[in-house]
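Raw contents of protein.cif, mmCIF, C-alpha atoms:
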data_coords
loop_
_atom_site.label_atom_id
_atom_site.label_comp_id
_atom_site.auth_asym_id
_atom_site.auth_seq_id
_atom_site.Cartn_x
_atom_site.Cartn_y
_atom_site.Cartn_z
CA MET A 112 10.30 -24.39 -5.78
CA GLN A 113 11.09 -22.32 -2.68
CA VAL A 114 8.40 -20.41 -0.81
CA ALA A 115 8.47 -18.15 2.24
CA ARG A 116 5.63 -19.44 4.44
CA LEU A 117 4.47 -17.63 7.57
CA TYR A 118 3.17 -19.70 10.48
CA ASP A 119 3.05 -16.93 13.06
CA PHE A 120 4.27 -13.37 13.43
CA GLY A 121 8.06 -13.69 13.27
CA ASP A 122 7.89 -17.39 12.33
CA ILE A 123 8.66 -17.52 8.61
CA ARG A 124 10.11 -20.67 7.07
CA LEU A 125 11.76 -21.16 3.72
CA GLU A 126 10.10 -24.33 2.39
CA HIS A 127 9.92 -26.37 -0.80
CA ASP A 128 6.60 -26.80 -2.61
CA PRO A 129 5.82 -28.45 -5.95
CA ARG A 130 5.96 -26.04 -8.84
CA PRO A 131 2.32 -25.29 -9.82
CA THR A 132 0.88 -26.02 -13.23
CA PRO A 133 -1.46 -23.41 -14.75
CA GLY A 134 -4.92 -24.40 -15.96
CA PRO A 135 -6.39 -23.40 -19.34
CA ASP A 136 -7.42 -19.91 -18.09
CA GLU A 137 -4.32 -19.30 -15.96
CA ILE A 138 -0.75 -18.12 -16.33
CA LEU A 139 2.33 -19.17 -14.40
CA VAL A 140 4.62 -16.33 -13.38
CA ARG A 141 8.26 -16.62 -12.29
CA ALA A 142 8.73 -14.09 -9.50
CA ARG A 143 11.39 -11.42 -9.90
CA ALA A 144 10.64 -9.07 -6.98
CA CYS A 145 8.05 -8.63 -4.26
CA GLY A 146 7.30 -6.04 -1.61
CA ILE A 147 6.48 -6.57 2.05
CA CYS A 148 3.18 -4.89 2.90
CA SER A 149 2.76 -2.83 6.06
CA GLY A 150 -0.11 -5.19 6.91
CA ASP A 151 2.38 -8.07 6.97
CA ILE A 152 4.12 -6.53 9.97
CA MET A 153 0.98 -5.98 12.08
CA PRO A 154 0.81 -9.05 14.38
CA TRP A 155 -2.99 -9.07 14.85
CA TYR A 156 -3.60 -8.71 11.11
CA ILE A 157 -1.21 -11.33 9.78
CA ARG A 158 -1.78 -13.99 12.46
CA ARG A 159 -5.41 -14.46 11.45
CA LYS A 160 -4.26 -15.42 7.93
CA ALA A 161 -1.56 -17.93 8.93
CA PRO A 162 -0.33 -20.20 7.57
CA LEU A 163 0.23 -18.44 4.26
CA VAL A 164 2.89 -17.72 1.68
CA LEU A 165 3.74 -14.05 2.00
CA GLY A 166 3.77 -11.51 -0.78
CA HIS A 167 1.07 -9.62 -2.67
CA GLU A 168 3.09 -6.88 -4.38
CA PRO A 169 4.83 -9.04 -7.00
CA VAL A 170 6.56 -8.46 -10.30
CA GLY A 171 7.59 -11.37 -12.48
CA VAL A 172 7.94 -12.92 -15.92
CA VAL A 173 5.28 -15.09 -17.54
CA GLU A 174 6.66 -18.64 -17.65
CA GLU A 175 3.69 -20.62 -18.96
CA VAL A 176 0.36 -19.67 -20.51
CA GLY A 177 -2.85 -21.70 -20.41
CA SER A 178 -4.43 -22.81 -23.68
CA ALA A 179 -7.32 -20.30 -23.41
CA VAL A 180 -5.13 -17.28 -22.62
CA ARG A 181 -4.59 -14.85 -25.48
CA GLU A 182 -3.49 -11.52 -23.94
CA PHE A 183 -0.26 -12.75 -22.34
CA HIS A 184 2.72 -14.63 -23.72
CA ARG A 185 5.75 -16.37 -22.33
CA GLY A 186 8.42 -13.82 -21.51
CA ASP A 187 6.04 -10.93 -20.71
CA ARG A 188 7.17 -9.03 -17.63
CA VAL A 189 4.14 -8.23 -15.48
CA PHE A 190 2.77 -6.66 -12.33
CA VAL A 191 0.04 -8.83 -10.80
CA HIS A 192 -2.63 -7.53 -8.45
CA HIS A 193 -3.48 -10.07 -5.74
CA HIS A 194 -7.22 -9.26 -5.96
CA ALA A 195 -9.43 -8.54 -8.96
CA PRO A 196 -13.15 -7.80 -9.24
CA CYS A 197 -15.87 -9.33 -11.40
CA PHE A 198 -16.81 -5.97 -13.03
CA GLU A 199 -20.46 -7.09 -13.08
CA CYS A 200 -21.92 -6.88 -9.55
CA ALA A 201 -23.60 -3.89 -7.89
CA SER A 202 -20.37 -2.93 -6.12
CA CYS A 203 -18.39 -2.97 -9.35
CA ARG A 204 -21.02 -0.86 -11.11
CA ARG A 205 -20.44 1.75 -8.40
CA ALA A 206 -16.66 1.38 -8.83
CA GLU A 207 -16.47 0.09 -5.22
CA TYR A 208 -14.28 -2.77 -6.36
CA VAL A 209 -12.93 -3.82 -2.96
CA GLN A 210 -16.50 -4.57 -1.85
CA CYS A 211 -16.94 -7.05 -4.73
CA ALA A 212 -17.24 -10.64 -3.47
CA THR A 213 -15.00 -11.82 -6.31
CA TRP A 214 -12.35 -9.23 -5.43
CA ARG A 215 -12.27 -10.51 -1.85
CA ALA A 216 -12.18 -14.17 -2.89
CA THR A 217 -9.45 -13.94 -5.52
CA LYS A 218 -5.72 -14.28 -4.87
CA ILE A 219 -2.48 -15.39 -6.46
CA ASP A 220 -1.39 -18.94 -5.65
CA PRO A 221 0.53 -19.51 -3.44
CA GLY A 222 1.82 -15.92 -3.01
CA GLY A 223 4.34 -13.46 -4.34
CA MET A 224 7.20 -14.74 -2.18
CA ALA A 225 7.51 -17.97 -4.07
CA GLU A 226 9.70 -18.74 -7.04
CA TYR A 227 6.55 -19.30 -9.12
CA PHE A 228 2.89 -18.38 -8.66
CA VAL A 229 -0.30 -18.94 -10.62
CA VAL A 230 -2.53 -16.09 -11.78
CA GLY A 231 -6.15 -17.13 -12.24
CA ALA A 232 -8.68 -15.94 -14.81
CA HIS A 233 -10.07 -13.15 -12.62
CA ASN A 234 -6.66 -11.86 -11.56
CA ARG A 235 -5.56 -11.66 -15.18
CA ARG A 236 -7.95 -8.70 -15.44
CA ASP A 237 -5.68 -6.67 -13.18
CA THR A 238 -2.37 -7.99 -14.47
CA LEU A 239 -0.42 -5.31 -16.30
CA ARG A 240 2.59 -5.57 -18.60
CA LEU A 241 5.55 -3.61 -17.33
CA PRO A 242 7.21 -1.23 -19.80
CA ASP A 243 10.72 -2.35 -20.70
CA ALA A 244 12.22 0.80 -19.16
CA LEU A 245 10.55 0.18 -15.79
CA ALA A 246 12.78 -1.65 -13.31
CA ASP A 247 11.40 -4.54 -11.24
CA ALA A 248 11.71 -2.52 -8.04
CA ASP A 249 9.65 0.28 -9.55
CA GLY A 250 7.05 -2.25 -10.69
CA VAL A 251 6.70 -3.43 -7.08
CA LEU A 252 5.51 0.09 -6.21
CA VAL A 253 2.40 -0.23 -8.39
CA GLU A 254 0.13 -1.87 -5.80
CA PRO A 255 1.08 0.28 -2.80
CA ALA A 256 1.02 3.39 -4.99
CA ALA A 257 -2.46 2.41 -6.17
CA CYS A 258 -3.60 2.34 -2.54
CA VAL A 259 -2.32 5.91 -2.16
CA VAL A 260 -4.01 6.99 -5.40
CA LYS A 261 -7.31 5.70 -4.03
CA SER A 262 -6.73 7.30 -0.63
CA LEU A 263 -6.17 10.77 -2.09
CA ARG A 264 -9.17 10.33 -4.38
CA ARG A 265 -11.39 9.45 -1.43
CA ALA A 266 -9.93 12.38 0.47
CA GLY A 267 -11.07 14.68 -2.33
CA LEU A 268 -7.78 16.61 -2.13
CA LYS A 269 -8.00 19.83 -4.15
CA ARG A 270 -5.20 21.97 -5.52
CA GLY A 271 -3.98 24.40 -2.89
CA GLU A 272 -5.46 22.56 0.10
CA SER A 273 -3.31 21.72 3.10
CA ILE A 274 -2.70 18.09 3.99
CA LEU A 275 -1.37 16.38 7.10
CA VAL A 276 0.13 12.90 6.68
CA ILE A 277 0.41 11.06 10.00
CA GLY A 278 2.93 8.22 9.81
CA LEU A 279 5.87 8.46 7.40
CA GLY A 280 6.66 4.93 6.38
CA ILE A 281 6.53 3.92 2.72
CA MET A 282 2.85 4.71 2.38
CA GLY A 283 3.12 8.03 4.18
CA MET A 284 6.04 9.09 2.00
CA MET A 285 4.07 8.25 -1.14
CA HIS A 286 1.15 10.30 0.17
CA VAL A 287 3.55 13.24 0.55
CA MET A 288 4.95 12.79 -2.96
CA LEU A 289 1.57 12.40 -4.67
CA ALA A 290 0.05 15.27 -2.70
CA ARG A 291 2.85 17.47 -4.06
CA HIS A 292 2.26 16.07 -7.55
CA HIS A 293 -1.47 16.89 -7.30
CA GLY A 294 -0.79 20.49 -6.35
CA ALA A 295 -1.54 20.44 -2.62
CA GLY A 296 -0.80 23.62 -0.71
CA ARG A 297 0.99 23.16 2.61
CA ILE A 298 2.07 19.53 3.11
CA ILE A 299 2.85 18.46 6.68
CA GLY A 300 4.34 15.10 7.58
CA ALA A 301 4.30 13.78 11.15
CA ASP A 302 6.09 10.81 12.65
CA LEU A 303 7.69 9.60 15.89
CA PHE A 304 11.14 9.59 14.28
CA GLU A 305 13.13 12.63 13.21
CA THR A 306 14.86 10.75 10.37
CA ARG A 307 11.48 10.11 8.75
CA ALA A 308 10.33 13.69 9.26
CA ARG A 309 13.48 14.95 7.54
CA ARG A 310 13.07 12.47 4.70
CA ALA A 311 9.48 13.58 4.13
CA MET A 312 10.70 17.16 3.71
CA ALA A 313 13.29 15.99 1.20
CA LEU A 314 10.49 14.30 -0.76
CA GLY A 315 8.21 17.33 -0.87
CA ALA A 316 6.72 18.11 2.56
CA ASP A 317 6.81 21.72 3.72
CA ALA A 318 7.09 20.70 7.37
CA GLY A 319 8.17 17.54 9.18
CA LEU A 320 6.80 17.20 12.70
CA VAL A 321 8.36 14.90 15.29
CA VAL A 322 5.59 13.70 17.57
CA ALA A 323 6.31 13.26 21.29
CA GLY A 324 3.50 12.28 23.59
CA ASP A 325 0.30 14.15 22.69
CA ASN A 326 1.83 17.23 21.07
CA LEU A 327 0.72 16.51 17.49
CA VAL A 328 -2.38 18.72 17.50
CA GLU A 329 -0.55 21.68 18.99
CA GLN A 330 2.25 21.33 16.42
CA VAL A 331 -0.26 21.24 13.58
CA ARG A 332 -2.00 24.33 14.97
CA GLU A 333 1.31 26.15 14.97
CA ALA A 334 2.29 24.91 11.48
CA THR A 335 -1.05 26.07 10.00
CA SER A 336 -1.43 29.34 11.97
CA GLY A 337 -4.47 27.88 13.67
CA ALA A 338 -6.34 26.77 10.54
CA MET A 339 -5.50 23.06 10.98
CA ALA A 340 -5.42 20.69 7.98
CA ASP A 341 -7.92 20.49 5.10
CA VAL A 342 -7.10 16.81 4.58
CA VAL A 343 -5.63 14.39 7.12
CA ILE A 344 -4.24 10.96 6.19
CA VAL A 345 -3.99 8.68 9.23
CA GLY A 346 -1.43 5.96 8.57
CA PRO A 347 -1.05 4.21 11.95
CA GLY A 348 -3.73 1.57 12.52
CA THR A 349 -4.89 2.68 15.96
CA ALA A 350 -7.98 4.42 17.28
CA LYS A 351 -5.75 6.90 19.10
CA ALA A 352 -4.11 7.96 15.83
CA ILE A 353 -7.51 8.41 14.17
CA ALA A 354 -8.74 10.54 17.08
CA GLN A 355 -5.61 12.68 16.81
CA GLY A 356 -6.20 13.02 13.07
CA VAL A 357 -9.75 14.26 13.67
CA ALA A 358 -8.46 16.72 16.28
CA ALA A 359 -5.89 18.05 13.80
CA ALA A 360 -8.48 18.54 11.05
CA GLY A 361 -9.82 21.97 10.17
CA LYS A 362 -13.45 22.90 9.64
CA GLY A 363 -14.99 21.06 6.72
CA ALA A 364 -11.95 18.77 6.50
CA THR A 365 -11.68 15.14 5.46
CA VAL A 366 -9.86 12.57 7.58
CA VAL A 367 -8.85 9.32 5.87
CA GLN A 368 -8.37 6.13 7.88
CA PHE A 369 -5.74 4.45 5.73
CA THR A 370 -4.92 1.37 7.83
CA ALA A 371 -7.06 -1.26 9.52
CA THR A 372 -7.34 -1.22 13.31
CA PRO A 373 -7.60 -4.26 15.59
CA PRO A 374 -11.25 -5.38 16.05
CA GLU A 375 -11.14 -4.59 19.76
CA ASP A 376 -9.86 -1.04 19.23
CA GLU A 377 -12.68 1.41 19.98
CA LEU A 378 -12.84 4.92 18.57
CA VAL A 379 -14.51 7.59 20.70
CA LEU A 380 -15.33 10.86 18.96
CA ASN A 381 -17.51 13.81 19.92
CA PRO A 382 -20.48 13.82 17.49
CA HIS A 383 -21.25 17.44 18.42
CA ASP A 384 -17.86 18.56 17.10
CA LEU A 385 -18.07 16.31 14.05
CA TYR A 386 -21.44 17.78 13.12
CA PHE A 387 -20.72 21.48 13.55
CA ASN A 388 -17.21 21.22 12.07
CA GLU A 389 -18.59 19.05 9.24
CA THR A 390 -15.65 16.69 9.58
CA ARG A 391 -15.74 13.76 7.17
CA LEU A 392 -14.15 10.50 8.37
CA VAL A 393 -13.53 8.28 5.36
CA PRO A 394 -11.87 4.83 5.26
CA SER A 395 -9.71 3.83 2.31
CA TYR A 396 -9.10 0.10 1.97
CA SER A 397 -6.72 -1.31 -0.66
CA CYS A 398 -7.31 -0.40 -4.32
CA GLY A 399 -9.03 -1.38 -7.54
CA PRO A 400 -8.09 -1.73 -11.20
CA GLN A 401 -8.53 1.95 -12.06
CA ASP A 402 -6.07 2.74 -9.26
CA THR A 403 -3.42 0.25 -10.40
CA ARG A 404 -3.50 1.70 -13.91
CA GLU A 405 -3.13 5.26 -12.65
CA ALA A 406 -0.34 4.14 -10.33
CA MET A 407 1.45 2.39 -13.19
CA ALA A 408 1.36 5.64 -15.20
CA LEU A 409 2.75 7.62 -12.26
CA VAL A 410 5.58 5.15 -11.71
CA GLU A 411 6.34 5.01 -15.44
CA ARG A 412 6.58 8.82 -15.55
CA GLY A 413 8.97 8.83 -12.60
CA VAL A 414 6.62 10.61 -10.19
CA LEU A 415 7.29 7.74 -7.78
CA ARG A 416 10.61 5.91 -7.84
CA ALA A 417 11.85 2.99 -5.79
CA ALA A 418 15.23 4.68 -5.50
CA ASP A 419 13.57 7.40 -3.39
CA LEU A 420 11.76 4.96 -1.13
CA VAL A 421 13.57 1.64 -0.82
CA THR A 422 16.17 1.31 1.91
CA HIS A 423 17.00 -2.44 1.91
CA ARG A 424 17.17 -5.35 -0.53
CA PHE A 425 17.73 -9.00 0.34
CA PRO A 426 17.94 -12.22 -1.67
CA LEU A 427 15.19 -14.79 -1.12
CA ALA A 428 17.40 -16.87 1.16
CA ARG A 429 17.34 -14.01 3.67
CA VAL A 430 13.62 -13.26 3.50
CA GLY A 431 13.27 -13.85 7.25
CA GLU A 432 15.90 -11.20 7.89
CA ALA A 433 14.12 -8.87 5.49
CA TYR A 434 10.88 -9.41 7.37
CA ALA A 435 12.57 -8.59 10.66
CA THR A 436 14.17 -5.49 9.16
CA ALA A 437 10.76 -4.24 8.04
CA GLN A 438 9.79 -3.97 11.69
CA ARG A 439 12.57 -1.53 12.49
CA PRO A 440 11.14 1.98 12.69
CA GLU A 441 13.84 3.60 10.59
CA SER A 442 13.07 1.36 7.60
CA LEU A 443 10.73 2.63 4.90
CA LYS A 444 10.34 -0.43 2.74
CA VAL A 445 11.81 -3.83 2.00
CA ILE A 446 11.77 -5.37 -1.45
CA VAL A 447 12.84 -8.97 -1.70
CA THR A 448 14.45 -9.76 -5.04
CA PHE A 449 14.59 -13.19 -6.63
CA PRO A 450 17.75 -14.19 -8.52
CA ASP A 451 17.36 -15.40 -12.09
#
Conversion result in structure tokens:
Amino acid sequence: MQVARLYDFGDIRLEHDPRPTPGPDEILVRARACGICSGDIMPWYIRRKAPLVLGHEPVGVVEEVGSAVREFHRGDRVFVHHHAPCFECASCRRAEYVQCATWRATKIDPGGMAEYFVVGAHNRRDTLRLPDALADADGVLVEPAACVVKSLRRAGLKRGESILVIGLGIMGMMHVMLARHHGAGRIIGADLFETRARRAMALGADAGLVVAGDNLVEQVREATSGAMADVVIVGPGTAKAIAQGVAAAGKGATVVQFTATPPEDELVLNPHDLYFNETRLVPSYSCGPQDTREAMALVERGVLRAADLVTHRFPLARVGEAYATAQRPESLKVIVTFPD
């Protein structure tokens, strides 16, 4: 079978591996579509994992079923989460699934950007059948949408509250759309590129700010008549972006760090201001099984649609080109489709 294996940032090779055989507790899935995660285009983040087969937002069809598997059958079309928890540890009992040691250790083998991949016993727990009416491209949205579901839950967004979304790639756009769905008040999107700011307004934002230099905070002050934002989602994975998010937050606001930052990136904040403004800085890392199920329901109901978010599609043979395209700032998302 063909796989897209990354050896370094920008060094992706289409290679041939043996087709895997599922064990008694496993299923073999034939890939149909897979997304490229924003983490896959951060050099510092992806290099530490190399070499690896890319792809952890896959949709496919069950090809083979192990002898002990009862809940799936050959021909089932499924979304597969690349991590799944044990549901038994202290972290799972607190619903902090991403802190579960099993969640962090599990994966699909070898990855979603392979013609076939194996889903182990643990990952079967967060493998969901796709409704017949749901297209493959929409199924690919389940995992990234689940990350947004978790982010807004951790933000504690309430109906009528204002929200600022910094960074309007695929994840930022979904934050805008779900904030509107959840009844947010004034929704403000901010990005370096005017095309993205305009697109955010088309998808539900009340204002689209184009950031130049350090003018974000002043623009937010103007857009909110001085009140600043009740909730701030910081998409870019930099300490500078987080500091700007805190500066754009109103009194008693919550700021969500949505993306990992490089280990050497240091964040300097004024604890005096944090204390008296009661600013909450909350990280939101990945998602758990309750989030994937809620995301599936949102996608199935058409609240989120790939047609609104996807800008490019490439066959597997051009996965390297798709990866390069994902780095272009005007792109929102790349989904690589696999021919039958």
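Reported to one decimal place, the separation of atom CA of A:Ala216 from atom CA of A:Val170 is 20.9 Å.
For the set A:Glu272, A:Glu168, A:Asp128, A:Glu254, the residue with the smallest atom-to-atom gap to A:Ile147 is A:Glu168, counting all atoms listed in the file.
Using only C-alpha atoms for every distance, the candidate list A:Thr132, A:Gln210, A:Gln330, A:Ser202 yields A:Thr132 as the residue closest to A:Phe228.
Of the residues under consideration (A:Thr306, A:Thr370, A:Asn234, A:Ser178), A:Thr370 shows the shortest atom-to-atom contact distance to A:Asp151 when counting all atoms listed in the file.
The set of residues that the PyMOL selection byres ((chain A and resi 332) around 12) takes from this file is Leu275, Ile299, Leu320, Asn326, Leu327, Val328, Glu329, Gln330, Val331, Glu333, Ala334, Thr335, Ser336, Gly337, Ala338, Met339, Ala340, Ala358, Ala359, Ala360 and Gly361 of chain A.
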Picked residues, the PyMOL selection byres ((chain A and resi 285-297) around 6), expected as a compact mmCIF listing (two decimals) with C-alpha atoms, in the coordinates of the input:
# COMPACT_ATOMS: atom_id res chain seq x y z
CA ARG A 270 -5.20 21.97 -5.52
CA GLY A 271 -3.98 24.40 -2.89
CA GLU A 272 -5.46 22.56 0.10
CA SER A 273 -3.31 21.72 3.10
CA MET A 282 2.85 4.71 2.38
CA GLY A 283 3.12 8.03 4.18
CA MET A 284 6.04 9.09 2.00
CA ILE A 298 2.07 19.53 3.11
CA GLY A 315 8.21 17.33 -0.87
May I ask for the distance between atom CA of A:Glu226 and atom CA of A:Gly280, given in Å to one decimal place?
27.4 Å
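The shortest atom-to-atom distance to A:Asp384, with all atoms listed in the file taken into account, belongs to A:Gly363 out of A:Pro255, A:Gly363, A:Pro400, A:Gly177.
Computed from the coordinates, the atom CA of A:His127 to atom CA of A:Met112 distance equals 5.4 Å.
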Selection as a count of residues only: residues within 6 Å of (9.1, -6.1, -13.5), counting only C-alpha atoms:
8
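The protein and nucleic acid residues lying at most 6 Å from A:Gly278 are Gly283, Ala301, Asp302 and Gly346 of chain A, with all atoms listed in the file considered and sequence neighbours fewer than 3 positions away removed.
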